[in-house]
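S.K.: My structure is in target38.csv, and what it holds is CSV, N, CA and C atoms:
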chain,number,residue,atom,x,y,z
D,1,MET,N,9.1,52.8,153.5
D,1,MET,CA,8.9,54.2,153.4
D,1,MET,C,8.9,54.6,151.9
D,2,GLY,N,7.9,55.4,151.5
D,2,GLY,CA,7.7,55.8,150.2
D,2,GLY,C,8.7,56.9,149.7
D,3,ALA,N,8.7,57.1,148.4
D,3,ALA,CA,9.6,58.1,147.8
D,3,ALA,C,9.0,59.5,147.9
D,4,ARG,N,9.9,60.5,147.8
D,4,ARG,CA,9.4,61.9,147.8
D,4,ARG,C,9.3,62.2,146.4
D,5,ILE,N,8.0,62.5,146.0
D,5,ILE,CA,7.7,62.8,144.6
D,5,ILE,C,7.2,64.2,144.4
D,6,LEU,N,7.7,64.9,143.5
D,6,LEU,CA,7.2,66.3,143.1
D,6,LEU,C,6.4,66.2,141.8
D,7,VAL,N,5.1,66.5,141.9
D,7,VAL,CA,4.2,66.5,140.8
D,7,VAL,C,4.1,67.9,140.3
D,8,VAL,N,4.5,68.2,139.0
D,8,VAL,CA,4.4,69.5,138.4
D,8,VAL,C,3.3,69.4,137.3
D,9,GLU,N,2.2,70.0,137.5
D,9,GLU,CA,1.0,69.9,136.6
D,9,GLU,C,0.2,71.1,136.8
D,10,ASP,N,-0.2,71.8,135.7
D,10,ASP,CA,-0.9,73.0,135.9
D,10,ASP,C,-2.5,72.8,136.0
D,11,GLU,N,-2.9,71.6,135.7
D,11,GLU,CA,-4.4,71.4,135.8
D,11,GLU,C,-4.7,70.8,137.2
D,12,PRO,N,-5.4,71.6,138.0
D,12,PRO,CA,-5.6,71.2,139.4
D,12,PRO,C,-6.2,69.8,139.6
D,13,ARG,N,-7.2,69.5,138.8
D,13,ARG,CA,-7.8,68.2,139.0
D,13,ARG,C,-6.9,67.0,138.8
D,14,LEU,N,-6.1,67.1,137.7
D,14,LEU,CA,-5.1,66.1,137.4
D,14,LEU,C,-4.0,66.0,138.5
D,15,ARG,N,-3.6,67.2,138.9
D,15,ARG,CA,-2.6,67.2,140.0
D,15,ARG,C,-3.1,66.6,141.3
D,16,GLU,N,-4.3,66.8,141.6
D,16,GLU,CA,-4.9,66.2,142.8
D,16,GLU,C,-5.1,64.7,142.7
D,17,LEU,N,-5.5,64.3,141.5
D,17,LEU,CA,-5.6,62.9,141.2
D,17,LEU,C,-4.3,62.1,141.3
D,18,LEU,N,-3.3,62.7,140.8
D,18,LEU,CA,-1.9,62.1,140.9
D,18,LEU,C,-1.5,62.0,142.3
D,19,ARG,N,-1.7,63.1,143.1
D,19,ARG,CA,-1.4,63.1,144.5
D,19,ARG,C,-2.1,62.0,145.2
D,20,LEU,N,-3.4,61.9,145.0
D,20,LEU,CA,-4.2,60.9,145.7
D,20,LEU,C,-3.7,59.5,145.4
D,21,TYR,N,-3.4,59.1,144.2
D,21,TYR,CA,-3.0,57.8,143.9
D,21,TYR,C,-1.6,57.5,144.4
D,22,LEU,N,-0.7,58.5,144.3
D,22,LEU,CA,0.7,58.3,144.8
D,22,LEU,C,0.7,58.2,146.3
D,23,GLU,N,-0.1,59.0,147.0
D,23,GLU,CA,-0.1,58.9,148.5
D,23,GLU,C,-0.8,57.6,149.0
D,24,ARG,N,-1.7,57.1,148.2
D,24,ARG,CA,-2.3,55.8,148.6
D,24,ARG,C,-1.3,54.7,148.5
D,25,GLU,N,-0.2,54.9,147.7
D,25,GLU,CA,0.8,53.9,147.6
D,25,GLU,C,1.9,54.1,148.6
D,26,GLY,N,1.8,55.1,149.5
D,26,GLY,CA,2.7,55.4,150.5
D,26,GLY,C,3.8,56.4,150.2
D,27,HIS,N,3.7,57.1,149.1
D,27,HIS,CA,4.7,58.1,148.8
D,27,HIS,C,4.4,59.5,149.4
D,28,HIS,N,5.4,60.3,149.5
D,28,HIS,CA,5.2,61.6,150.1
D,28,HIS,C,5.2,62.6,148.9
D,29,VAL,N,4.1,63.3,148.7
D,29,VAL,CA,3.9,64.1,147.5
D,29,VAL,C,3.9,65.5,147.8
D,30,THR,N,4.6,66.3,147.0
D,30,THR,CA,4.5,67.8,147.0
D,30,THR,C,4.1,68.1,145.5
D,31,ASP,N,3.5,69.3,145.3
D,31,ASP,CA,3.1,69.6,144.0
D,31,ASP,C,3.3,71.1,143.7
D,32,ALA,N,3.3,71.4,142.4
D,32,ALA,CA,3.4,72.7,141.9
D,32,ALA,C,2.6,72.9,140.6
D,33,GLY,N,2.0,74.1,140.5
D,33,GLY,CA,1.2,74.3,139.3
D,33,GLY,C,1.9,75.1,138.2
D,34,ASP,N,3.1,75.5,138.4
D,34,ASP,CA,3.8,76.2,137.4
D,34,ASP,C,5.3,76.0,137.5
D,35,GLY,N,6.1,76.4,136.5
D,35,GLY,CA,7.5,76.1,136.5
D,35,GLY,C,8.3,76.7,137.7
D,36,ALA,N,8.0,78.0,137.9
D,36,ALA,CA,8.8,78.7,138.9
D,36,ALA,C,8.5,78.1,140.3
D,37,SER,N,7.3,77.7,140.6
D,37,SER,CA,7.0,77.1,141.9
D,37,SER,C,7.6,75.7,142.0
D,38,ALA,N,7.7,75.0,140.9
D,38,ALA,CA,8.3,73.7,140.8
D,38,ALA,C,9.8,73.8,141.2
D,39,ILE,N,10.5,74.7,140.6
D,39,ILE,CA,11.9,74.9,140.9
D,39,ILE,C,12.1,75.3,142.4
D,40,ALA,N,11.3,76.2,142.8
D,40,ALA,CA,11.4,76.7,144.2
D,40,ALA,C,11.2,75.5,145.2
D,41,THR,N,10.1,74.7,144.9
D,41,THR,CA,9.8,73.6,145.8
D,41,THR,C,10.9,72.5,145.7
D,42,PHE,N,11.4,72.3,144.6
D,42,PHE,CA,12.5,71.3,144.5
D,42,PHE,C,13.8,71.8,145.2
D,43,ASP,N,14.1,73.1,145.1
D,43,ASP,CA,15.2,73.6,145.8
D,43,ASP,C,15.1,73.5,147.4
D,44,ARG,N,13.8,73.7,147.8
D,44,ARG,CA,13.6,73.7,149.3
D,44,ARG,C,13.5,72.2,149.8
D,45,ARG,N,12.8,71.4,149.1
D,45,ARG,CA,12.5,70.0,149.6
D,45,ARG,C,13.2,68.9,148.9
D,46,GLY,N,13.7,69.1,147.7
D,46,GLY,CA,14.2,68.0,147.0
D,46,GLY,C,13.1,67.0,146.6
D,47,ALA,N,13.5,65.9,145.9
D,47,ALA,CA,12.6,64.9,145.5
D,47,ALA,C,13.4,63.7,145.0
D,48,ASP,N,12.8,62.5,145.1
D,48,ASP,CA,13.4,61.3,144.6
D,48,ASP,C,13.0,61.1,143.1
D,49,LEU,N,11.8,61.7,142.8
D,49,LEU,CA,11.3,61.6,141.4
D,49,LEU,C,10.4,62.9,141.2
D,50,VAL,N,10.5,63.4,139.9
D,50,VAL,CA,9.7,64.5,139.5
D,50,VAL,C,8.8,64.0,138.3
D,51,ILE,N,7.5,64.3,138.4
D,51,ILE,CA,6.6,64.0,137.4
D,51,ILE,C,6.3,65.4,136.8
D,52,LEU,N,6.7,65.6,135.5
D,52,LEU,CA,6.7,67.0,134.9
D,52,LEU,C,5.9,67.1,133.7
D,53,ASP,N,4.9,68.0,133.7
D,53,ASP,CA,4.1,68.3,132.5
D,53,ASP,C,4.9,69.3,131.7
D,54,LEU,N,5.1,69.1,130.4
D,54,LEU,CA,5.9,70.0,129.6
D,54,LEU,C,5.1,71.3,129.2
D,55,MET,N,3.8,71.2,129.2
D,55,MET,CA,2.9,72.4,128.8
D,55,MET,C,2.5,73.2,130.1
D,56,LEU,N,3.4,74.0,130.6
D,56,LEU,CA,3.1,74.8,131.8
D,56,LEU,C,2.9,76.3,131.5
D,57,PRO,N,2.2,77.0,132.3
D,57,PRO,CA,2.0,78.4,132.0
D,57,PRO,C,3.3,79.2,132.4
D,58,GLY,N,3.6,80.2,131.7
D,58,GLY,CA,4.8,81.0,132.0
D,58,GLY,C,6.1,80.3,131.6
D,59,MET,N,6.7,79.5,132.4
D,59,MET,CA,7.9,78.8,132.1
D,59,MET,C,7.6,77.4,131.6
D,60,GLN,N,8.0,77.1,130.4
D,60,GLN,CA,7.8,75.8,129.8
D,60,GLN,C,8.5,74.7,130.6
D,61,GLY,N,8.0,73.4,130.4
D,61,GLY,CA,8.6,72.3,131.1
D,61,GLY,C,10.0,72.0,130.8
D,62,GLU,N,10.4,72.3,129.5
D,62,GLU,CA,11.8,72.1,129.1
D,62,GLU,C,12.8,73.0,130.0
D,63,ALA,N,12.3,74.2,130.3
D,63,ALA,CA,13.2,75.1,131.1
D,63,ALA,C,13.2,74.6,132.5
D,64,VAL,N,12.1,74.0,133.0
D,64,VAL,CA,12.1,73.4,134.4
D,64,VAL,C,13.1,72.2,134.4
D,65,LEU,N,13.0,71.4,133.3
D,65,LEU,CA,13.9,70.2,133.2
D,65,LEU,C,15.3,70.6,133.2
D,66,GLN,N,15.7,71.7,132.5
D,66,GLN,CA,17.0,72.2,132.5
D,66,GLN,C,17.5,72.6,133.9
D,67,ALA,N,16.6,73.3,134.6
D,67,ALA,CA,17.0,73.8,135.9
D,67,ALA,C,17.2,72.6,136.9
D,68,LEU,N,16.3,71.6,136.7
D,68,LEU,CA,16.5,70.4,137.6
D,68,LEU,C,17.8,69.7,137.3
D,69,ARG,N,18.2,69.6,136.0
D,69,ARG,CA,19.4,69.0,135.6
D,69,ARG,C,20.6,69.7,136.2
D,70,GLU,N,20.5,71.0,136.3
D,70,GLU,CA,21.6,71.8,136.8
D,70,GLU,C,21.7,71.6,138.3
D,71,SER,N,20.6,71.2,139.0
D,71,SER,CA,20.6,71.0,140.4
D,71,SER,C,21.0,69.6,140.8
D,72,GLY,N,21.0,68.6,139.9
D,72,GLY,CA,21.4,67.3,140.2
D,72,GLY,C,20.9,66.3,139.2
D,73,ASP,N,20.7,65.0,139.6
D,73,ASP,CA,20.4,64.0,138.7
D,73,ASP,C,19.1,63.3,139.1
D,74,VAL,N,18.1,64.0,139.5
D,74,VAL,CA,16.8,63.4,139.9
D,74,VAL,C,16.1,62.8,138.6
D,75,PRO,N,15.5,61.6,138.8
D,75,PRO,CA,14.8,61.0,137.7
D,75,PRO,C,13.5,61.9,137.4
D,76,VAL,N,13.2,62.1,136.1
D,76,VAL,CA,12.1,62.9,135.7
D,76,VAL,C,11.2,62.1,134.8
D,77,LEU,N,9.9,62.0,135.1
D,77,LEU,CA,9.0,61.4,134.2
D,77,LEU,C,8.2,62.5,133.5
D,78,ILE,N,8.3,62.6,132.2
D,78,ILE,CA,7.7,63.7,131.5
D,78,ILE,C,6.3,63.2,131.0
D,79,THR,N,5.3,64.1,131.3
D,79,THR,CA,4.0,63.8,130.8
D,79,THR,C,3.5,64.8,129.8
Starting from the file, give its structure as structure tokens.

M.R.:
Amino acid sequence: MGARILVVEDEPRLRELLRLYLEREGHHVTDAGDGASAIATFDRRGADLVILDLMLPGMQGEAVLQALRESGDVPVLIT
């Protein structure tokens, strides 16, 4: 069974491409296009891994990373 991965990327084409490749490998992918949605999604569903773009609209990736760290110790791959 694959990992639960949260992809946080504001560019829709890149977000969909990441989803496609990860799901092909058997992972369960959720995604978000901005920081606030990412935090809300993580709070609702959790994740085994977060792929995080630092250049997000509204809330920067660093703030998202800080919120994730306050919620636990999930691995984060920064892009």

S.K.: List every residue of range 4-52 of chain D that DSSP, applied to the backbone of this structure, assigns to helix (DSSP H, G or I), and report them as a ChimeraX atom specification.

M.R.: /D:12-24,35-45

S.K.: Of the candidates D:Leu68, D:Val8, D:Met1, D:Val50, which one gets nearest to Ser37 in chain D if we count all atoms listed in the file?

M.R.: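 Ranked by minimum distance to Ser37 in chain D, first place goes to D:Val8.
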
S.K.: Give as a PyMOL selection string every residue, naming chains and numbers as the document does, that has an atom within 10 Å of (7.3, 78.8, 139.2), counting only C-alpha atoms.

M.R.: chain D and resi 8+32-41+56-60+64

S.K.: I'd like the contact shell of range 14-30 of chain D - 7 Å cut-off, only C-alpha atoms, skipping same-chain residues fewer than 3 positions apart - returned as a short mmCIF file (atom, residue, chain, number, x, y, z; two decimals) with N, CA and C atoms, keeping the file's coordinate frame.

M.R.:
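The resulting file, part09.cif, is reproduced below:
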data_model
loop_
_atom_site.label_atom_id
_atom_site.label_comp_id
_atom_site.auth_asym_id
_atom_site.auth_seq_id
_atom_site.Cartn_x
_atom_site.Cartn_y
_atom_site.Cartn_z
N MET D 1 9.10 52.80 153.50
CA MET D 1 8.90 54.20 153.40
C MET D 1 8.90 54.60 151.90
N GLY D 2 7.90 55.40 151.50
CA GLY D 2 7.70 55.80 150.20
C GLY D 2 8.70 56.90 149.70
N ALA D 3 8.70 57.10 148.40
CA ALA D 3 9.60 58.10 147.80
C ALA D 3 9.00 59.50 147.90
N ARG D 4 9.90 60.50 147.80
CA ARG D 4 9.40 61.90 147.80
C ARG D 4 9.30 62.20 146.40
N ILE D 5 8.00 62.50 146.00
CA ILE D 5 7.70 62.80 144.60
C ILE D 5 7.20 64.20 144.40
N LEU D 6 7.70 64.90 143.50
CA LEU D 6 7.20 66.30 143.10
C LEU D 6 6.40 66.20 141.80
N VAL D 7 5.10 66.50 141.90
CA VAL D 7 4.20 66.50 140.80
C VAL D 7 4.10 67.90 140.30
N GLU D 9 2.20 70.00 137.50
CA GLU D 9 1.00 69.90 136.60
C GLU D 9 0.20 71.10 136.80
N GLU D 11 -2.90 71.60 135.70
CA GLU D 11 -4.40 71.40 135.80
C GLU D 11 -4.70 70.80 137.20
#

S.K.: Could you pull out the strand (DSSP E or B) residues of chain D from DSSP and send them as a list in words?

M.R.: Arg4, Ile5, Leu6, Val7, Val8, His28, Val29, Thr30, Asp31, Ala32, Leu49, Val50, Ile51, Leu52, Val76, Leu77 and Ile78 of chain D

S.K.: Can you give me all heavy atoms for range 56-67 of chain D, written as a PDB file, keeping the file's coordinate frame?

M.R.:
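Produced file result-v7.pdb, reproduced below:
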ATOM      1  N   LEU D  56       3.400  74.000 130.600  1.00  0.00           N
ATOM      2  CA  LEU D  56       3.100  74.800 131.800  1.00  0.00           C
ATOM      3  C   LEU D  56       2.900  76.300 131.500  1.00  0.00           C
ATOM      4  O   LEU D  56       3.510  76.746 130.489  1.00  0.00           O
ATOM      5  CB  LEU D  56       4.261  74.645 132.796  1.00  0.00           C
ATOM      6  CG  LEU D  56       4.521  73.250 133.340  1.00  0.00           C
ATOM      7  CD1 LEU D  56       5.824  73.232 134.113  1.00  0.00           C
ATOM      8  CD2 LEU D  56       3.367  72.812 134.222  1.00  0.00           C
ATOM      9  N   PRO D  57       2.200  77.000 132.300  1.00  0.00           N
ATOM     10  CA  PRO D  57       2.000  78.400 132.000  1.00  0.00           C
ATOM     11  C   PRO D  57       3.300  79.200 132.400  1.00  0.00           C
ATOM     12  O   PRO D  57       3.993  78.759 133.369  1.00  0.00           O
ATOM     13  CB  PRO D  57       0.866  78.826 132.968  1.00  0.00           C
ATOM     14  CG  PRO D  57       0.865  77.800 134.051  1.00  0.00           C
ATOM     15  CD  PRO D  57       1.350  76.529 133.406  1.00  0.00           C
ATOM     16  N   GLY D  58       3.600  80.200 131.700  1.00  0.00           N
ATOM     17  CA  GLY D  58       4.800  81.000 132.000  1.00  0.00           C
ATOM     18  C   GLY D  58       6.100  80.300 131.600  1.00  0.00           C
ATOM     19  O   GLY D  58       6.563  80.540 130.481  1.00  0.00           O
ATOM     20  N   MET D  59       6.700  79.500 132.400  1.00  0.00           N
ATOM     21  CA  MET D  59       7.900  78.800 132.100  1.00  0.00           C
ATOM     22  C   MET D  59       7.600  77.400 131.600  1.00  0.00           C
ATOM     23  O   MET D  59       6.899  76.617 132.252  1.00  0.00           O
ATOM     24  CB  MET D  59       8.728  78.675 133.413  1.00  0.00           C
ATOM     25  CG  MET D  59      10.008  77.898 133.258  1.00  0.00           C
ATOM     26  SD  MET D  59      10.856  77.656 134.837  1.00  0.00           S
ATOM     27  CE  MET D  59      11.470  79.290 135.135  1.00  0.00           C
ATOM     28  N   GLN D  60       8.000  77.100 130.400  1.00  0.00           N
ATOM     29  CA  GLN D  60       7.800  75.800 129.800  1.00  0.00           C
ATOM     30  C   GLN D  60       8.500  74.700 130.600  1.00  0.00           C
ATOM     31  O   GLN D  60       9.527  74.894 131.248  1.00  0.00           O
ATOM     32  CB  GLN D  60       8.211  75.751 128.357  1.00  0.00           C
ATOM     33  CG  GLN D  60       7.321  76.572 127.463  1.00  0.00           C
ATOM     34  CD  GLN D  60       5.909  76.009 127.397  1.00  0.00           C
ATOM     35  OE1 GLN D  60       5.700  74.818 127.179  1.00  0.00           O
ATOM     36  NE2 GLN D  60       4.926  76.866 127.613  1.00  0.00           N
ATOM     37  N   GLY D  61       8.000  73.400 130.400  1.00  0.00           N
ATOM     38  CA  GLY D  61       8.600  72.300 131.100  1.00  0.00           C
ATOM     39  C   GLY D  61      10.000  72.000 130.800  1.00  0.00           C
ATOM     40  O   GLY D  61      10.805  71.555 131.600  1.00  0.00           O
ATOM     41  N   GLU D  62      10.400  72.300 129.500  1.00  0.00           N
ATOM     42  CA  GLU D  62      11.800  72.100 129.100  1.00  0.00           C
ATOM     43  C   GLU D  62      12.800  73.000 130.000  1.00  0.00           C
ATOM     44  O   GLU D  62      13.846  72.550 130.311  1.00  0.00           O
ATOM     45  CB  GLU D  62      11.987  72.435 127.637  1.00  0.00           C
ATOM     46  CG  GLU D  62      11.332  71.439 126.717  1.00  0.00           C
ATOM     47  CD  GLU D  62       9.888  71.799 126.378  1.00  0.00           C
ATOM     48  OE1 GLU D  62       9.309  72.734 127.011  1.00  0.00           O
ATOM     49  OE2 GLU D  62       9.322  71.133 125.501  1.00  0.00           O
ATOM     50  N   ALA D  63      12.300  74.200 130.300  1.00  0.00           N
ATOM     51  CA  ALA D  63      13.200  75.100 131.100  1.00  0.00           C
ATOM     52  C   ALA D  63      13.200  74.600 132.500  1.00  0.00           C
ATOM     53  O   ALA D  63      14.296  74.645 133.187  1.00  0.00           O
ATOM     54  CB  ALA D  63      12.610  76.509 131.096  1.00  0.00           C
ATOM     55  N   VAL D  64      12.100  74.000 133.000  1.00  0.00           N
ATOM     56  CA  VAL D  64      12.100  73.400 134.400  1.00  0.00           C
ATOM     57  C   VAL D  64      13.100  72.200 134.400  1.00  0.00           C
ATOM     58  O   VAL D  64      13.885  72.049 135.295  1.00  0.00           O
ATOM     59  CB  VAL D  64      10.711  72.970 134.784  1.00  0.00           C
ATOM     60  CG1 VAL D  64      10.733  72.246 136.125  1.00  0.00           C
ATOM     61  CG2 VAL D  64       9.779  74.170 134.826  1.00  0.00           C
ATOM     62  N   LEU D  65      13.000  71.400 133.300  1.00  0.00           N
ATOM     63  CA  LEU D  65      13.900  70.200 133.200  1.00  0.00           C
ATOM     64  C   LEU D  65      15.300  70.600 133.200  1.00  0.00           C
ATOM     65  O   LEU D  65      16.174  70.040 133.931  1.00  0.00           O
ATOM     66  CB  LEU D  65      13.546  69.411 131.993  1.00  0.00           C
ATOM     67  CG  LEU D  65      14.390  68.169 131.748  1.00  0.00           C
ATOM     68  CD1 LEU D  65      14.253  67.174 132.900  1.00  0.00           C
ATOM     69  CD2 LEU D  65      13.984  67.521 130.435  1.00  0.00           C
ATOM     70  N   GLN D  66      15.700  71.700 132.500  1.00  0.00           N
ATOM     71  CA  GLN D  66      17.000  72.200 132.500  1.00  0.00           C
ATOM     72  C   GLN D  66      17.500  72.600 133.900  1.00  0.00           C
ATOM     73  O   GLN D  66      18.612  72.311 134.285  1.00  0.00           O
ATOM     74  CB  GLN D  66      17.178  73.304 131.467  1.00  0.00           C
ATOM     75  CG  GLN D  66      18.598  73.813 131.340  1.00  0.00           C
ATOM     76  CD  GLN D  66      18.724  74.913 130.295  1.00  0.00           C
ATOM     77  OE1 GLN D  66      17.750  75.321 129.678  1.00  0.00           O
ATOM     78  NE2 GLN D  66      19.938  75.377 130.099  1.00  0.00           N
ATOM     79  N   ALA D  67      16.600  73.300 134.600  1.00  0.00           N
ATOM     80  CA  ALA D  67      17.000  73.800 135.900  1.00  0.00           C
ATOM     81  C   ALA D  67      17.200  72.600 136.900  1.00  0.00           C
ATOM     82  O   ALA D  67      18.073  72.601 137.696  1.00  0.00           O
ATOM     83  CB  ALA D  67      15.897  74.716 136.452  1.00  0.00           C
TER      84      ALA D  67
END
